[in-house]
>>> print(open('final29.tsv').read())   # TSV, C-alpha atoms
chain	number	residue	atom	x	y	z
O	812	MET	CA	-26.51	65.53	-28.65
O	813	THR	CA	-29.57	63.89	-27.10
O	814	ALA	CA	-30.43	63.93	-23.40
O	815	THR	CA	-29.53	60.23	-23.29
O	816	ASP	CA	-26.11	60.96	-24.78
O	817	GLU	CA	-25.47	63.75	-22.27
O	818	HIS	CA	-26.49	61.62	-19.31
O	819	GLY	CA	-24.44	58.72	-20.67
O	820	GLU	CA	-21.29	60.84	-20.90
O	821	THR	CA	-21.74	62.16	-17.35
O	822	PHE	CA	-22.46	58.65	-16.07
O	823	ALA	CA	-19.27	57.33	-17.65
O	824	ARG	CA	-17.23	60.21	-16.21
O	825	VAL	CA	-18.45	60.38	-12.61
O	826	MET	CA	-19.95	57.04	-11.64
O	827	MET	CA	-17.76	54.27	-10.23
O	828	LYS	CA	-16.86	51.74	-12.89
O	829	SER	CA	-18.55	49.00	-10.89
O	830	ALA	CA	-21.75	49.31	-12.95
O	831	PRO	CA	-22.19	48.76	-16.72
O	832	ALA	CA	-23.35	51.54	-19.02
O	833	PRO	CA	-27.11	52.08	-18.51
O	834	LEU	CA	-29.50	50.65	-21.11
O	835	ALA	CA	-31.56	53.86	-20.81
O	836	VAL	CA	-31.99	56.76	-18.41
O	837	LEU	CA	-35.43	56.33	-16.88
O	838	GLN	CA	-37.36	59.36	-15.75
O	839	ARG	CA	-40.83	58.37	-14.54
O	840	GLY	CA	-43.16	55.43	-14.25
O	841	GLU	CA	-46.81	54.55	-13.79
O	842	GLY	CA	-48.02	51.06	-13.00
O	843	ALA	CA	-46.14	48.58	-15.18
O	844	GLN	CA	-44.95	51.29	-17.57
O	845	VAL	CA	-41.86	53.48	-17.44
O	846	TRP	CA	-40.54	56.31	-19.64
O	847	ASP	CA	-36.98	57.38	-20.39
O	848	VAL	CA	-35.63	60.92	-20.73
O	849	GLU	CA	-36.39	60.88	-24.48
O	850	GLY	CA	-40.05	60.12	-23.82
O	851	ASN	CA	-39.82	56.49	-24.96
O	852	ARG	CA	-42.27	54.18	-23.19
O	853	TYR	CA	-41.39	50.67	-21.96
O	854	LEU	CA	-43.45	47.84	-20.50
O	855	ASP	CA	-41.55	46.87	-17.37
O	856	PHE	CA	-41.35	43.10	-16.90
O	857	LEU	CA	-38.34	43.31	-14.57
O	858	ALA	CA	-39.64	45.73	-11.90
O	859	GLY	CA	-36.18	46.77	-10.78
O	860	ILE	CA	-35.30	43.05	-10.42
O	861	ALA	CA	-38.34	41.98	-8.40
O	862	VAL	CA	-38.40	45.18	-6.33
O	863	ASN	CA	-41.31	47.28	-7.58
O	864	ALA	CA	-44.03	44.95	-6.38
O	865	LEU	CA	-46.78	47.54	-6.92
O	866	GLY	CA	-45.27	48.89	-10.11
O	867	HIS	CA	-44.29	52.55	-10.37
O	868	ALA	CA	-45.82	55.47	-8.46
O	869	HIS	CA	-48.59	53.40	-6.88
O	870	PRO	CA	-50.89	55.72	-4.89
O	871	ALA	CA	-50.49	53.65	-1.69
O	872	PHE	CA	-46.68	53.90	-1.91
O	873	VAL	CA	-46.69	57.61	-2.77
O	874	HIS	CA	-49.14	58.46	0.01
O	875	ALA	CA	-47.22	56.47	2.64
O	876	VAL	CA	-43.83	57.98	1.80
O	877	SER	CA	-45.05	61.57	1.47
O	878	THR	CA	-47.16	61.38	4.63
O	879	GLN	CA	-44.39	59.85	6.72
O	880	ALA	CA	-41.83	62.32	5.35
O	881	SER	CA	-44.05	65.14	6.56
O	882	ARG	CA	-44.02	63.66	10.08
O	883	VAL	CA	-40.64	62.11	10.93
O	884	ALA	CA	-38.18	60.49	8.50
O	885	HIS	CA	-35.58	59.18	10.93
O	886	VAL	CA	-35.03	58.48	14.61
O	887	SER	CA	-31.95	56.95	16.22
O	888	ASN	CA	-31.84	53.45	17.64
O	889	TYR	CA	-32.34	54.95	21.08
O	890	PHE	CA	-35.98	55.39	20.05
O	891	ALA	CA	-38.62	53.41	18.17
O	892	SER	CA	-41.37	54.56	15.81
O	893	GLU	CA	-44.90	53.35	15.14
O	894	PRO	CA	-44.17	52.31	11.51
O	895	GLN	CA	-41.15	50.28	12.65
O	896	ILE	CA	-43.10	48.38	15.31
O	897	GLU	CA	-46.03	47.85	12.93
O	898	LEU	CA	-43.72	46.47	10.22
O	899	ALA	CA	-41.94	44.07	12.57
O	900	ALA	CA	-45.29	42.73	13.78
O	901	ARG	CA	-46.54	42.42	10.18
O	902	LEU	CA	-43.43	40.51	9.03
O	903	ALA	CA	-43.65	38.20	12.03
O	904	ARG	CA	-47.30	37.50	11.18
O	905	ILE	CA	-46.92	36.80	7.47
O	906	THR	CA	-43.75	34.71	7.86
O	907	GLY	CA	-44.84	32.91	11.04
O	908	GLY	CA	-41.56	34.04	12.62
O	909	ASP	CA	-40.91	35.32	16.13
O	910	ARG	CA	-38.45	38.22	16.00
O	911	VAL	CA	-37.46	40.70	13.27
O	912	TYR	CA	-34.27	42.67	12.62
O	913	LEU	CA	-34.73	45.55	10.16
O	914	CYS	CA	-31.91	46.78	7.90
O	915	ASN	CA	-31.44	48.48	4.53
O	916	SER	CA	-30.82	45.81	1.91
O	917	GLY	CA	-30.71	42.11	1.14
O	918	ALA	CA	-26.94	41.93	1.57
O	919	GLU	CA	-27.29	43.48	5.02
O	920	ALA	CA	-29.98	40.95	5.90
O	921	ASN	CA	-27.60	38.14	4.96
O	922	GLU	CA	-24.76	39.75	6.95
O	923	ALA	CA	-27.10	39.73	9.95
O	924	ALA	CA	-27.88	36.06	9.25
O	925	ILE	CA	-24.17	35.21	9.21
O	926	LYS	CA	-23.63	36.92	12.56
O	927	LEU	CA	-26.73	35.23	14.00
O	928	SER	CA	-25.33	31.83	13.01
O	929	ARG	CA	-22.00	32.55	14.78
O	930	LEU	CA	-23.90	32.81	18.06
O	931	THR	CA	-24.56	29.07	17.86
O	932	GLY	CA	-20.89	28.62	18.75
O	933	ARG	CA	-20.10	27.19	15.32
O	934	THR	CA	-18.43	29.03	12.43
O	935	ARG	CA	-18.75	26.84	9.32
O	936	LEU	CA	-21.36	27.70	6.69
O	937	VAL	CA	-22.68	25.73	3.74
O	938	ALA	CA	-24.22	27.28	0.61
O	939	LEU	CA	-24.92	26.18	-2.96
O	940	LYS	CA	-22.77	26.51	-6.04
O	941	ASN	CA	-24.10	29.08	-8.54
O	942	SER	CA	-26.04	30.81	-5.75
O	943	PHE	CA	-26.21	34.55	-5.08
O	944	HIS	CA	-26.49	36.15	-1.65
O	945	GLY	CA	-25.06	39.65	-2.20
O	946	ARG	CA	-21.78	41.48	-2.76
O	947	THR	CA	-20.67	42.62	0.70
O	948	MET	CA	-17.76	40.54	2.00
O	949	GLY	CA	-19.77	38.13	4.14
O	950	SER	CA	-22.60	37.68	1.66
O	951	LEU	CA	-20.10	37.45	-1.21
O	952	SER	CA	-18.41	34.62	0.68
O	953	LEU	CA	-21.77	32.79	0.64
O	954	THR	CA	-22.33	33.56	-3.04
O	955	GLY	CA	-21.38	30.49	-5.06
O	956	LYS	CA	-19.96	32.29	-8.08
O	957	PRO	CA	-16.14	32.11	-8.25
O	958	ALA	CA	-15.95	34.84	-10.92
O	959	LEU	CA	-17.52	37.35	-8.52
O	960	GLN	CA	-15.37	36.24	-5.60
O	961	LYS	CA	-11.94	36.01	-7.23
O	962	PRO	CA	-10.98	39.73	-7.26
O	963	PHE	CA	-11.72	40.06	-3.55
O	964	GLU	CA	-10.03	37.02	-2.05
O	965	PRO	CA	-9.30	36.11	0.65
O	966	LEU	CA	-12.96	36.01	1.65
O	967	MET	CA	-14.58	35.05	4.94
O	968	PRO	CA	-13.24	31.56	5.76
O	969	GLY	CA	-15.28	28.49	6.59
O	970	VAL	CA	-17.79	28.48	3.70
O	971	THR	CA	-18.34	25.27	1.72
O	972	HIS	CA	-20.24	25.35	-1.58
O	973	ILE	CA	-22.03	22.22	-2.71
O	974	GLU	CA	-24.28	21.07	-5.54
O	975	ALA	CA	-27.99	20.99	-4.74
O	976	THR	CA	-28.16	17.29	-3.96
O	977	ILE	CA	-29.25	15.55	-0.79
O	978	GLU	CA	-26.09	13.46	-0.84
O	979	GLU	CA	-23.72	16.43	-0.91
O	980	LEU	CA	-25.72	18.25	1.76
O	981	GLU	CA	-25.72	15.24	4.06
O	982	GLU	CA	-21.96	14.82	3.62
O	983	ALA	CA	-21.32	18.52	4.32
O	984	LEU	CA	-23.41	18.52	7.51
O	985	ALA	CA	-22.25	15.16	8.85
O	986	PRO	CA	-19.24	16.46	10.89
O	987	GLY	CA	-21.75	18.29	13.11
O	988	ASP	CA	-19.87	21.60	13.08
O	989	VAL	CA	-21.90	23.59	10.53
O	990	ALA	CA	-23.56	26.72	11.95
O	991	ALA	CA	-25.99	27.23	9.05
O	992	PHE	CA	-27.01	26.09	5.60
O	993	VAL	CA	-27.98	29.18	3.58
O	994	VAL	CA	-30.08	28.62	0.46
O	995	GLU	CA	-32.38	30.42	-2.00
O	996	PRO	CA	-35.68	28.53	-2.54
O	997	ILE	CA	-35.32	29.46	-6.23
O	998	LYS	CA	-31.89	30.51	-7.53
O	999	GLY	CA	-32.77	33.95	-8.90
O	1000	GLU	CA	-29.48	35.36	-10.13
O	1001	ALA	CA	-28.62	32.02	-11.69
O	1002	GLY	CA	-31.49	32.70	-14.09
O	1003	VAL	CA	-34.45	31.59	-11.96
O	1004	VAL	CA	-33.50	27.96	-11.53
O	1005	ASP	CA	-35.59	25.60	-9.38
O	1006	LEU	CA	-34.12	23.40	-6.67
O	1007	PRO	CA	-34.65	19.66	-7.11
O	1008	GLU	CA	-38.08	18.42	-6.01
O	1009	GLY	CA	-38.13	17.79	-2.26
O	1010	PHE	CA	-34.70	19.35	-1.67
O	1011	LEU	CA	-35.86	22.01	0.80
O	1012	THR	CA	-37.89	19.51	2.81
O	1013	ALA	CA	-34.88	17.19	3.02
O	1014	ALA	CA	-32.66	20.14	3.93
O	1015	ARG	CA	-34.98	20.96	6.83
O	1016	GLU	CA	-34.77	17.40	8.11
O	1017	LEU	CA	-30.99	17.19	7.75
O	1018	THR	CA	-30.23	20.56	9.32
O	1019	ARG	CA	-32.44	19.71	12.29
O	1020	LYS	CA	-30.72	16.32	12.64
O	1021	HIS	CA	-27.24	17.91	12.74
O	1022	GLY	CA	-28.10	20.97	14.86
O	1023	THR	CA	-27.54	23.34	11.91
O	1024	LEU	CA	-29.61	26.44	11.26
O	1025	LEU	CA	-31.61	26.49	8.02
O	1026	ILE	CA	-31.46	30.06	6.71
O	1027	LEU	CA	-33.51	30.86	3.60
O	1028	ASP	CA	-32.58	33.75	1.34
O	1029	GLU	CA	-35.98	35.01	0.16
O	1030	ILE	CA	-34.70	38.37	-0.97
O	1031	GLN	CA	-35.94	37.76	-4.52
O	1032	THR	CA	-38.71	35.23	-3.88
O	1033	GLY	CA	-40.47	36.98	-0.98
O	1034	ALA	CA	-43.35	39.45	-0.69
O	1035	GLY	CA	-45.87	37.43	-2.69
O	1036	ARG	CA	-43.80	37.05	-5.83
O	1037	THR	CA	-44.06	33.27	-6.10
O	1038	GLY	CA	-47.79	33.07	-5.44
O	1039	ASP	CA	-47.53	32.81	-1.66
O	1040	TRP	CA	-46.12	35.30	0.80
O	1041	PHE	CA	-42.82	33.36	0.81
O	1042	ALA	CA	-41.52	30.46	-1.25
O	1043	PHE	CA	-40.80	28.28	1.79
O	1044	GLN	CA	-44.52	28.22	2.53
O	1045	HIS	CA	-45.06	26.18	-0.64
O	1046	GLU	CA	-42.90	23.48	0.92
O	1047	GLY	CA	-44.72	23.40	4.26
O	1048	ILE	CA	-41.49	23.81	6.22
O	1049	VAL	CA	-40.41	26.23	8.96
O	1050	PRO	CA	-36.87	27.65	8.64
O	1051	ASP	CA	-34.74	29.01	11.48
O	1052	ALA	CA	-34.36	32.36	9.75
O	1053	VAL	CA	-35.29	34.05	6.50
O	1054	SER	CA	-33.63	37.09	4.90
O	1055	LEU	CA	-35.85	39.56	3.05
O	1056	ALA	CA	-35.54	42.73	0.93
O	1057	LYS	CA	-36.48	43.83	-2.62
O	1058	GLY	CA	-40.28	43.50	-2.89
O	1059	ILE	CA	-41.10	44.26	0.75
O	1060	GLY	CA	-40.24	47.94	0.19
O	1061	GLY	CA	-41.72	48.22	-3.29
O	1062	GLY	CA	-38.87	50.53	-4.34
O	1063	PHE	CA	-37.79	51.90	-0.97
O	1064	PRO	CA	-34.46	50.39	0.23
O	1065	ILE	CA	-35.16	48.05	3.13
O	1066	GLY	CA	-34.18	44.59	4.31
O	1067	ALA	CA	-35.06	42.30	7.19
O	1068	LEU	CA	-33.99	39.14	8.94
O	1069	VAL	CA	-36.81	37.17	10.54
O	1070	ALA	CA	-35.88	34.43	13.02
O	1071	PHE	CA	-37.96	31.55	14.27
O	1072	GLY	CA	-38.04	29.63	17.57
O	1073	ASP	CA	-34.74	29.28	19.45
O	1074	ALA	CA	-32.86	31.13	16.71
O	1075	ALA	CA	-34.96	34.20	17.50
O	1076	GLU	CA	-33.34	34.37	20.95
O	1077	LEU	CA	-29.70	34.35	19.74
O	1078	PHE	CA	-29.21	38.09	19.26
O	1079	GLY	CA	-28.82	40.08	22.46
O	1080	PRO	CA	-28.34	43.81	23.16
O	1081	GLY	CA	-25.40	45.24	21.25
O	1082	HIS	CA	-24.87	42.22	19.03
O	1083	HIS	CA	-25.96	43.98	15.84
O	1084	GLY	CA	-27.36	47.29	14.62
O	1085	SER	CA	-27.74	49.80	11.81
O	1086	THR	CA	-28.12	53.59	11.80
O	1087	PHE	CA	-30.87	53.54	9.20
O	1088	GLY	CA	-32.32	50.06	9.64
O	1089	GLY	CA	-36.08	50.21	10.14
O	1090	ASN	CA	-36.25	53.97	9.99
O	1091	PRO	CA	-39.80	55.39	9.93
O	1092	LEU	CA	-39.79	56.35	6.24
O	1093	ALA	CA	-38.68	52.92	5.02
O	1094	ALA	CA	-40.98	51.14	7.45
O	1095	ALA	CA	-43.99	53.22	6.39
O	1096	ALA	CA	-43.29	52.42	2.74
O	1097	ALA	CA	-43.02	48.70	3.47
O	1098	ASN	CA	-46.21	48.71	5.52
O	1099	ALA	CA	-48.05	50.33	2.63
O	1100	VAL	CA	-46.64	47.91	0.05
O	1101	LEU	CA	-47.30	44.76	2.08
O	1102	GLY	CA	-50.73	46.05	3.08
O	1103	GLU	CA	-51.68	46.69	-0.55
O	1104	ILE	CA	-50.38	43.27	-1.66
O	1105	GLU	CA	-52.67	41.68	0.91
O	1106	ALA	CA	-55.72	43.92	0.40
O	1107	ALA	CA	-55.65	43.83	-3.41
O	1108	GLY	CA	-55.18	40.06	-3.70
O	1109	LEU	CA	-51.83	40.43	-5.48
O	1110	ILE	CA	-50.45	37.15	-4.17
O	1111	GLU	CA	-53.23	35.30	-5.97
O	1112	ASN	CA	-52.68	37.51	-9.03
O	1113	ALA	CA	-49.00	36.51	-9.05
O	1114	ARG	CA	-49.96	32.83	-9.02
O	1115	VAL	CA	-52.63	33.11	-11.73
O	1116	ARG	CA	-50.69	35.45	-14.04
O	1117	GLY	CA	-47.55	33.38	-13.61
O	1118	GLU	CA	-49.35	30.23	-14.72
O	1119	GLU	CA	-50.84	32.17	-17.63
O	1120	LEU	CA	-47.40	33.38	-18.73
O	1121	VAL	CA	-45.95	29.87	-18.61
O	1122	ALA	CA	-48.84	28.54	-20.71
O	1123	ARG	CA	-48.63	31.31	-23.29
O	1124	ILE	CA	-44.83	31.19	-23.65
O	1125	SER	CA	-44.97	27.40	-24.01
O	1126	ALA	CA	-47.69	27.76	-26.64
O	1127	LEU	CA	-45.36	29.88	-28.80
O	1128	GLY	CA	-43.55	26.67	-29.66
O	1129	SER	CA	-40.28	28.55	-30.14
O	1130	PRO	CA	-37.38	26.18	-30.87
O	1131	LEU	CA	-35.18	28.61	-28.93
O	1132	VAL	CA	-37.03	28.00	-25.63
O	1133	THR	CA	-35.81	24.92	-23.76
O	1134	ASP	CA	-37.56	25.26	-20.38
O	1135	ILE	CA	-39.47	27.62	-18.11
O	1136	GLN	CA	-38.67	27.47	-14.40
O	1137	GLY	CA	-39.65	29.44	-11.33
O	1138	ARG	CA	-43.05	30.11	-9.78
O	1139	GLY	CA	-45.63	32.88	-9.82
O	1140	LEU	CA	-44.20	36.05	-11.31
O	1141	LEU	CA	-40.55	35.02	-10.97
O	1142	LEU	CA	-39.84	33.02	-14.12
O	1143	GLY	CA	-36.69	31.93	-15.91
O	1144	ILE	CA	-36.75	31.00	-19.60
O	1145	GLY	CA	-33.98	28.74	-20.82
O	1146	LEU	CA	-32.61	29.28	-24.34
O	1147	ALA	CA	-31.06	26.67	-26.60
O	1148	GLU	CA	-28.37	29.09	-27.72
O	1149	PRO	CA	-26.33	31.78	-25.90
O	1150	VAL	CA	-28.41	34.69	-27.23
O	1151	ALA	CA	-30.20	35.98	-24.14
O	1152	GLY	CA	-28.48	39.36	-24.43
O	1153	ILE	CA	-29.62	39.72	-28.03
O	1154	VAL	CA	-33.22	38.82	-27.15
O	1155	VAL	CA	-33.21	41.35	-24.30
O	1156	ARG	CA	-31.83	44.10	-26.54
O	1157	ARG	CA	-34.41	43.42	-29.24
O	1158	ALA	CA	-37.18	43.48	-26.66
O	1159	LEU	CA	-35.90	46.79	-25.29
O	1160	ASP	CA	-35.80	48.28	-28.78
O	1161	ARG	CA	-39.48	47.34	-29.07
O	1162	GLY	CA	-40.42	48.80	-25.68
O	1163	LEU	CA	-40.16	45.81	-23.32
O	1164	ILE	CA	-37.82	45.52	-20.33
O	1165	ILE	CA	-36.72	41.97	-19.49
O	1166	ASN	CA	-33.40	40.63	-18.17
O	1167	ALA	CA	-30.66	38.29	-19.36
O	1168	ALA	CA	-29.48	36.59	-16.16
O	1169	ASN	CA	-26.79	34.93	-18.25
O	1170	GLU	CA	-26.26	34.00	-21.92
O	1171	HIS	CA	-28.79	31.16	-21.78
O	1172	ARG	CA	-31.54	32.43	-19.47
O	1173	ILE	CA	-34.12	35.23	-19.60
O	1174	ARG	CA	-35.53	36.42	-16.26
O	1175	LEU	CA	-39.05	37.80	-15.89
O	1176	ALA	CA	-40.15	39.56	-12.70
O	1177	PRO	CA	-42.97	41.97	-13.57
O	1178	PRO	CA	-44.91	43.97	-10.96
O	1179	LEU	CA	-47.50	41.92	-9.09
O	1180	ILE	CA	-50.22	44.23	-10.47
O	1181	ILE	CA	-49.96	43.09	-14.08
O	1182	GLY	CA	-53.15	42.13	-15.88
O	1183	GLU	CA	-54.42	40.81	-19.19
O	1184	GLU	CA	-53.50	43.90	-21.21
O	1185	GLU	CA	-49.88	43.86	-20.04
O	1186	ILE	CA	-49.54	40.14	-20.72
O	1187	ARG	CA	-50.88	40.56	-24.27
O	1188	GLU	CA	-48.36	43.31	-24.97
O	1189	PHE	CA	-45.54	41.28	-23.44
O	1190	MET	CA	-46.38	38.24	-25.55
O	1191	ARG	CA	-46.48	40.24	-28.77
O	1192	ILE	CA	-43.06	41.84	-28.21
O	1193	PHE	CA	-41.39	38.78	-26.68
O	1194	ALA	CA	-42.49	36.59	-29.58
O	1195	GLU	CA	-40.96	39.08	-32.02
O	1196	ALA	CA	-37.71	39.19	-30.02
O	1197	LEU	CA	-37.48	35.40	-30.08
O	1198	ASP	CA	-38.48	34.85	-33.67
O	1199	ILE	CA	-36.18	37.18	-35.58
O	1200	PRO	CA	-33.01	35.36	-36.72
O	1201	HIS	CA	-30.40	36.19	-34.12
O	1202	THR	CA	-27.53	36.37	-36.58
O	1203	ASP	CA	-28.60	39.72	-38.03
O	1204	PRO	CA	-25.72	42.18	-38.48
O	1205	GLY	CA	-25.57	44.59	-35.59
O	1206	ASP	CA	-26.72	42.18	-32.90
O	1207	HIS	CA	-24.65	42.21	-29.75
O	1208	ALA	CA	-25.20	39.95	-26.78
>>> encode(input="final29.tsv", output="structure tokens")
Amino acid sequence: MTATDEHGETFARVMMKSAPAPLAVLQRGEGAQVWDVEGNRYLDFLAGIAVNALGHAHPAFVHAVSTQASRVAHVSNYFASEPQIELAARLARITGGDRVYLCNSGAEANEAAIKLSRLTGRTRLVALKNSFHGRTMGSLSLTGKPALQKPFEPLMPGVTHIEATIEELEEALAPGDVAAFVVEPIKGEAGVVDLPEGFLTAARELTRKHGTLLILDEIQTGAGRTGDWFAFQHEGIVPDAVSLAKGIGGGFPIGALVAFGDAAELFGPGHHGSTFGGNPLAAAAANAVLGEIEAAGLIENARVRGEELVARISALGSPLVTDIQGRGLLLGIGLAEPVAGIVVRRALDRGLIINAANEHRIRLAPPLIIGEEEIREFMRIFAEALDIPHTDPGDHA
């Protein structure tokens, strides 16, 4: 029995059945590479689903975590720490926001956003169909995927899901009783799907007109991934709040809600809190990751490498590829047939980690550090995974 088999049996026996069987048991990583317990090497073009912004075991991340752990790892909310204050100031600066709430995950950031919106005196929320905002009960209520919601109904009341059209948004907001419109600038879990051109700008105008908060879920698109610090900055708009997680910690669990203008004054003492939110260890990791992204020019690298990937994938001329959406190093590749799972498995067998967001879309979210060598290797393996007839015996989606 191999080490993978042994780990797989233990996983199946002791882990909650909420997660699928692992594709591999990963043991260590370096840069954009990762190795499993059998010693097999993979090129990582998923980065823990847009989390490992600096790749694996980056010296800045390792130094920050180990140094902070040797000083103080946690303090209660009765105290503050230097890394926490530094991180809040940094997030306010790079978002343009005014006040920051630190938590442990993206779902927690969206739960904080929901509570913030209730302090407007309104309770209704509007979100998009086929959106994803997390799996806790409040964030699941925002998530526009009935299949995920059904087993847990009844959910939080007062949430309306609409198509991403100006007409439907205007109709939903018109009664004047909507606390917030919550939206991803790019729908990540839907397979990296763009919003219609001009939709966010129109949403800003409509929410302001009807006294509704505009809350952007940048959990997947933030931290430089789209070629700017945050995707909303491409649109030249200012939201009322933005929820963050994933890439800001570079692998350390952390989330944040940043509020702007009047919305930044809604929370008062005792309104919200978290035992671990913004603890020194997580804050130190995030400071190191965001500092390295800025110092090493990784936002520009995300823009340039993303454009390069789009050009090279398009140049393959594969009849299976229908479209490429997204921005920077968050890209979704549409497939003409429901074979995304097969393509992902074939890529994995050849040493490349990518993701099937659904049967028709491949998601790419490599570390922001990737360069020419990694892109060449990706293209070689991805082309093979696309080109082999997908009706071979033994293929499973």
>>> residues_near_point(input="final29.tsv", point="(-34.2, 32.6, 6.5)", cutoff="9 Å", atoms="all atoms listed in the file", output="JSON, numbers by chain")
{"O": [921, 924, 993, 994, 995, 1025, 1026, 1027, 1028, 1029, 1050, 1051, 1052, 1053, 1054, 1055, 1068, 1069, 1070, 1071]}
>>> write_last_selection(input="final29.tsv", atoms="C-alpha atoms", output="mmCIF file, keeping the file's coordinate frame")
data_model
loop_
_atom_site.group_PDB
_atom_site.id
_atom_site.type_symbol
_atom_site.label_atom_id
_atom_site.label_comp_id
_atom_site.auth_asym_id
_atom_site.auth_seq_id
_atom_site.Cartn_x
_atom_site.Cartn_y
_atom_site.Cartn_z
ATOM 1 C CA ASN O 921 -27.600 38.140 4.960
ATOM 2 C CA ALA O 924 -27.880 36.060 9.250
ATOM 3 C CA VAL O 993 -27.980 29.180 3.580
ATOM 4 C CA VAL O 994 -30.080 28.620 0.460
ATOM 5 C CA GLU O 995 -32.380 30.420 -2.000
ATOM 6 C CA LEU O 1025 -31.610 26.490 8.020
ATOM 7 C CA ILE O 1026 -31.460 30.060 6.710
ATOM 8 C CA LEU O 1027 -33.510 30.860 3.600
ATOM 9 C CA ASP O 1028 -32.580 33.750 1.340
ATOM 10 C CA GLU O 1029 -35.980 35.010 0.160
ATOM 11 C CA PRO O 1050 -36.870 27.650 8.640
ATOM 12 C CA ASP O 1051 -34.740 29.010 11.480
ATOM 13 C CA ALA O 1052 -34.360 32.360 9.750
ATOM 14 C CA VAL O 1053 -35.290 34.050 6.500
ATOM 15 C CA SER O 1054 -33.630 37.090 4.900
ATOM 16 C CA LEU O 1055 -35.850 39.560 3.050
ATOM 17 C CA LEU O 1068 -33.990 39.140 8.940
ATOM 18 C CA VAL O 1069 -36.810 37.170 10.540
ATOM 19 C CA ALA O 1070 -35.880 34.430 13.020
ATOM 20 C CA PHE O 1071 -37.960 31.550 14.270
#
>>> closest_residue(input="final29.tsv", among="O:Leu927, O:Val970, O:Leu902, O:Ala1122", to="Leu1024 (chain O)", atoms="all atoms listed in the file")
O:Leu927
>>> atom_distance(input="final29.tsv", atom1="CA of Ala1042 (chain O)", atom2="CA of Thr971 (chain O)")
23.9 Å
>>> residues_around(input="final29.tsv", residues="Val886 (chain O)", least_positions_apart="2", cutoff="9 Å", atoms="all atoms listed in the file", output="ChimeraX atom specification")
/O:883-884,888-892,1086-1087,1090-1091
>>> residues_around(input="final29.tsv", residues="region 1138-1154 of chain O", least_positions_apart="3", cutoff="8 Å", atoms="all atoms listed in the file", output="ChimeraX atom specification")
/O:861,1002-1004,1032,1036-1038,1113-1118,1130-1135,1157-1158,1167,1169-1179,1196-1197,1201,1206-1208
>>> residues_around(input="final29.tsv", residues="Gly1061 (chain O)", least_positions_apart="2", cutoff="7 Å", atoms="all atoms listed in the file", output="list in words")
Val862, Asn863, Ala864, Leu865, Lys1057, Gly1058, Ile1059, Phe1063, Ala1097 and Val1100 of chain O
